[in-house]
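Student: Got a file for you: start14.tsv, TSV, C-alpha atoms.
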```
chain	number	residue	atom	x	y	z
G	3	MET	CA	35.86	89.63	35.66
G	4	LYS	CA	35.61	89.71	31.92
G	5	ASN	CA	32.61	92.05	32.20
G	6	VAL	CA	34.60	94.55	34.23
G	7	THR	CA	37.41	94.71	31.72
G	8	ASP	CA	34.98	94.79	28.85
G	9	SER	CA	33.19	97.75	30.34
G	10	PHE	CA	36.45	99.69	30.58
G	11	VAL	CA	37.33	98.79	27.05
G	12	SER	CA	33.91	99.76	25.81
G	13	LEU	CA	34.29	103.19	27.45
G	14	GLY	CA	37.07	103.96	25.08
G	15	HIS	CA	34.93	103.08	22.05
G	16	TRP	CA	32.05	105.44	22.54
G	17	PRO	CA	31.15	107.23	19.52
G	18	SER	CA	32.25	110.83	19.69
G	19	ALA	CA	29.24	112.28	18.03
G	20	GLY	CA	26.09	111.11	16.67
G	21	SER	CA	24.06	108.93	18.82
G	22	PHE	CA	22.88	109.25	22.32
G	23	GLY	CA	22.07	106.13	24.28
G	24	PHE	CA	21.90	104.47	27.59
G	25	ASN	CA	24.75	102.48	28.86
G	26	THR	CA	23.27	99.36	30.43
G	27	ASP	CA	26.52	98.15	31.93
G	28	ILE	CA	25.87	98.68	35.64
G	29	LEU	CA	29.44	98.38	36.83
G	30	ALA	CA	30.72	100.97	34.41
G	31	THR	CA	27.98	103.46	35.12
G	32	ASN	CA	28.21	102.96	38.89
G	33	LEU	CA	31.92	103.70	38.90
G	34	ILE	CA	31.35	106.86	36.91
G	35	ASN	CA	28.45	107.94	39.10
G	36	LEU	CA	30.38	107.12	42.23
G	37	SER	CA	33.42	109.06	41.08
G	38	VAL	CA	31.25	112.06	40.19
G	39	VAL	CA	29.42	111.97	43.53
G	40	LEU	CA	32.70	111.63	45.42
G	41	GLY	CA	34.20	114.47	43.44
G	42	VAL	CA	31.20	116.72	44.21
G	43	LEU	CA	31.25	115.70	47.86
G	44	VAL	CA	34.95	116.37	48.15
G	45	PHE	CA	34.66	119.69	46.36
G	46	PHE	CA	31.58	121.01	48.15
G	47	GLY	CA	31.69	118.99	51.39
G	48	LYS	CA	35.29	119.72	52.20
G	49	GLY	CA	34.43	122.97	54.00
G	50	VAL	CA	31.44	121.53	55.84
G	51	LEU	CA	33.40	118.46	56.89
G	52	SER	CA	36.32	120.62	57.94
G	53	ASP	CA	33.98	122.83	60.01
G	54	LEU	CA	32.37	119.78	61.63
G	55	LEU	CA	35.76	118.35	62.47
G	56	ASP	CA	36.98	121.70	63.81
G	57	ASN	CA	33.87	122.04	65.99
G	58	ARG	CA	34.31	118.49	67.25
G	59	LYS	CA	37.99	119.19	67.91
G	60	GLN	CA	37.10	122.37	69.86
G	61	ARG	CA	34.51	120.52	71.95
G	62	ILE	CA	37.02	117.79	72.73
G	63	LEU	CA	39.66	120.39	73.64
G	64	ASN	CA	37.16	122.27	75.83
G	65	THR	CA	36.16	119.03	77.51
G	66	ILE	CA	39.81	118.19	78.14
G	67	ARG	CA	40.47	121.72	79.47
G	68	ASN	CA	37.42	121.54	81.76
G	69	SER	CA	38.50	118.10	82.91
G	70	GLU	CA	41.97	119.43	83.69
G	71	GLU	CA	40.47	122.35	85.65
G	72	LEU	CA	38.18	119.98	87.56
G	73	ARG	CA	41.13	117.68	88.19
G	74	GLY	CA	43.16	120.62	89.49
G	75	GLY	CA	40.28	121.68	91.74
G	76	ALA	CA	39.86	118.13	92.96
G	77	ILE	CA	43.59	117.86	93.73
G	78	GLU	CA	43.43	121.17	95.59
G	79	GLN	CA	40.39	120.00	97.59
G	80	LEU	CA	42.15	116.71	98.29
G	81	GLU	CA	45.18	118.56	99.64
G	82	LYS	CA	42.95	120.78	101.79
G	83	ALA	CA	41.15	117.69	103.07
G	84	ARG	CA	44.49	116.02	103.86
G	85	THR	CA	45.64	119.15	105.67
G	86	ARG	CA	42.40	119.24	107.67
G	87	LEU	CA	42.74	115.53	108.39
G	88	ARG	CA	46.29	116.01	109.71
G	89	LYS	CA	45.10	118.94	111.82
G	90	VAL	CA	42.16	116.93	113.20
G	91	GLU	CA	44.46	113.98	113.92
G	92	MET	CA	46.85	116.26	115.79
G	93	GLU	CA	43.95	117.75	117.77
G	94	ALA	CA	42.65	114.25	118.51
G	95	ASP	CA	46.10	113.21	119.73
G	96	GLN	CA	46.26	116.35	121.86
G	97	PHE	CA	42.79	115.64	123.30
G	98	ARG	CA	43.83	112.07	123.95
G	99	VAL	CA	47.01	113.16	125.76
G	100	ASN	CA	45.12	115.86	127.66
G	101	GLY	CA	42.38	113.36	128.48
G	102	TYR	CA	44.87	110.88	129.89
G	103	SER	CA	46.62	113.55	131.95
G	104	GLU	CA	43.22	114.88	133.09
G	105	ILE	CA	42.21	111.36	134.11
G	106	GLU	CA	45.45	110.90	136.02
G	107	ARG	CA	45.02	114.29	137.70
G	108	GLU	CA	41.41	113.48	138.63
G	109	LYS	CA	42.48	110.06	139.92
G	110	PHE	CA	45.22	111.66	142.03
G	111	ASN	CA	42.77	114.31	143.35
G	112	PHE	CA	40.18	111.63	144.13
G	113	ILE	CA	42.74	109.52	146.00
G	114	ASN	CA	43.91	112.57	147.98
G	115	SER	CA	40.36	113.64	148.72
G	116	THR	CA	39.39	110.14	149.80
G	117	SER	CA	42.50	109.90	151.96
G	118	LYS	CA	41.69	113.23	153.64
G	119	THR	CA	38.09	112.16	154.15
G	120	LEU	CA	39.22	108.89	155.70
G	121	LYS	CA	41.60	110.75	158.03
G	122	GLN	CA	38.81	113.13	159.06
G	123	LEU	CA	36.48	110.20	159.69
G	124	GLU	CA	39.19	108.49	161.74
G	125	ASN	CA	39.66	111.72	163.75
G	126	TYR	CA	35.89	112.04	164.25
G	127	LYS	CA	35.75	108.42	165.35
G	128	ASN	CA	38.61	108.91	167.80
G	129	GLU	CA	37.04	112.13	169.13
G	130	THR	CA	33.69	110.38	169.51
G	131	ILE	CA	35.32	107.48	171.34
G	132	HIS	CA	37.25	109.91	173.58
G	133	PHE	CA	34.08	111.92	174.24
G	134	GLU	CA	32.11	108.77	175.09
G	135	GLN	CA	34.93	107.58	177.36
G	136	GLN	CA	34.98	110.96	179.14
G	137	ARG	CA	31.22	110.91	179.49
G	138	ALA	CA	31.29	107.37	180.88
G	139	ILE	CA	34.10	108.32	183.29
G	140	ASN	CA	32.16	111.41	184.40
G	141	GLN	CA	29.03	109.35	184.95
G	142	VAL	CA	31.03	106.82	187.00
G	143	ARG	CA	32.65	109.67	188.97
G	144	GLN	CA	29.24	111.21	189.62
G	145	ARG	CA	27.85	107.92	190.90
G	146	VAL	CA	30.92	107.25	192.99
G	147	PHE	CA	30.79	110.79	194.33
G	148	GLN	CA	27.07	110.50	195.04
G	149	GLN	CA	27.57	107.19	196.81
G	150	ALA	CA	30.58	108.55	198.73
G	151	LEU	CA	28.58	111.63	199.65
G	152	ARG	CA	25.67	109.52	200.85
G	153	GLY	CA	28.05	107.37	202.81
G	154	ALA	CA	29.82	110.40	204.29
G	155	LEU	CA	26.51	112.07	205.12
G	156	GLY	CA	25.33	108.90	206.72
G	157	THR	CA	28.55	108.63	208.72
G	158	LEU	CA	28.46	112.32	209.64
G	159	SER	CA	24.84	112.16	210.63
G	160	SER	CA	25.50	109.25	212.94
G	161	CYS	CA	28.76	110.66	214.36
G	162	LEU	CA	28.13	114.38	214.56
G	163	ASN	CA	26.28	116.20	217.13
G	164	ASN	CA	25.03	119.75	216.76
G	165	GLU	CA	28.07	121.41	218.23
G	166	LEU	CA	30.55	119.51	216.05
G	167	HIS	CA	28.32	120.13	213.11
G	168	LEU	CA	28.34	123.90	213.63
G	169	ARG	CA	32.14	123.97	214.03
G	170	THR	CA	32.64	122.10	210.78
G	171	ILE	CA	30.35	124.50	208.95
G	172	ARG	CA	32.23	127.55	210.34
G	173	ALA	CA	35.58	126.04	209.41
G	174	ASN	CA	34.37	125.42	205.87
G	175	ILE	CA	32.98	128.96	205.62
G	176	ASP	CA	36.30	130.34	206.86
G	177	MET	CA	38.17	128.29	204.25
G	178	LEU	CA	35.87	129.54	201.52
G	179	GLY	CA	36.35	133.10	202.73
G	180	ALA	CA	40.15	132.70	202.63
G	181	ILE	CA	39.99	131.29	199.08
G	182	THR	CA	37.85	134.11	197.76
G	183	ASP	CA	40.09	136.82	199.26
```
Let me see the structure of the file written as structure tokens.

Tutor:
Amino acid sequence: MKNVTDSFVSLGHWPSAGSFGFNTDILATNLINLSVVLGVLVFFGKGVLSDLLDNRKQRILNTIRNSEELRGGAIEQLEKARTRLRKVEMEADQFRVNGYSEIEREKFNFINSTSKTLKQLENYKNETIHFEQQRAINQVRQRVFQQALRGALGTLSSCLNNELHLRTIRANIDMLGAITD
């Protein structure tokens, strides 16, 4: 510490004229050199440093402005996306409601159609049964008639003679003639 104070004291004792020499005290010369360099830097570098800081400030401001614009665009896109989402959700709900009502309508139509088909099949079945019954009855009638006719012809053949036979034929022809008139 004594060297530092001695160097300051020795600065005041330089000879004003006469000799020129080197000061070997490093601390004293470094302070002088440093103060000169800082003075020069401040004097000449003030404009350059100010320009650099202004440029940096402008870039930061531009970056902030661009970020704000991007943020605004992103918020706008987010709102549009939310609006589209709400619209799609409403459409989905509408499709869901329409789908359920369509399913119910189709179910009702299917039940009605199946019911009608079953009724038609029941009617066809009943008609088929009725037709088969009528056919069976007609076949039985035909057989009974054929057997009765054979029996009657057999009885007539054994009981009738030619004269009675001719009278019966004339009577039947007369009856047919009266019916047709």

Student: Using all atoms of range 46-58 of chain G that appear in the file, construct an axis-aligned enclosing box with 4 Å of padding on every side and provide its centre coordinates and edge lengths in Å, rounded to one decimal, as lines of an AutoDock Vina configuration file.

Tutor:
```
center_x = 34.2
center_y = 120.7
center_z = 57.7
size_x = 13.5
size_y = 12.6
size_z = 27.1
```

Student: So how many Å separate CA of Asn164 in chain G and CA of Met177 in chain G, to one decimal?

Tutor: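 These two atoms are separated by 20.1 Å.
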
Student: In Å to one decimal, how far is CA of Asn68 in chain G from CA of Val50 in chain G?

Tutor: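 Between CA of Val50 in chain G and CA of Asn68 in chain G the gap works out to 26.6 Å.
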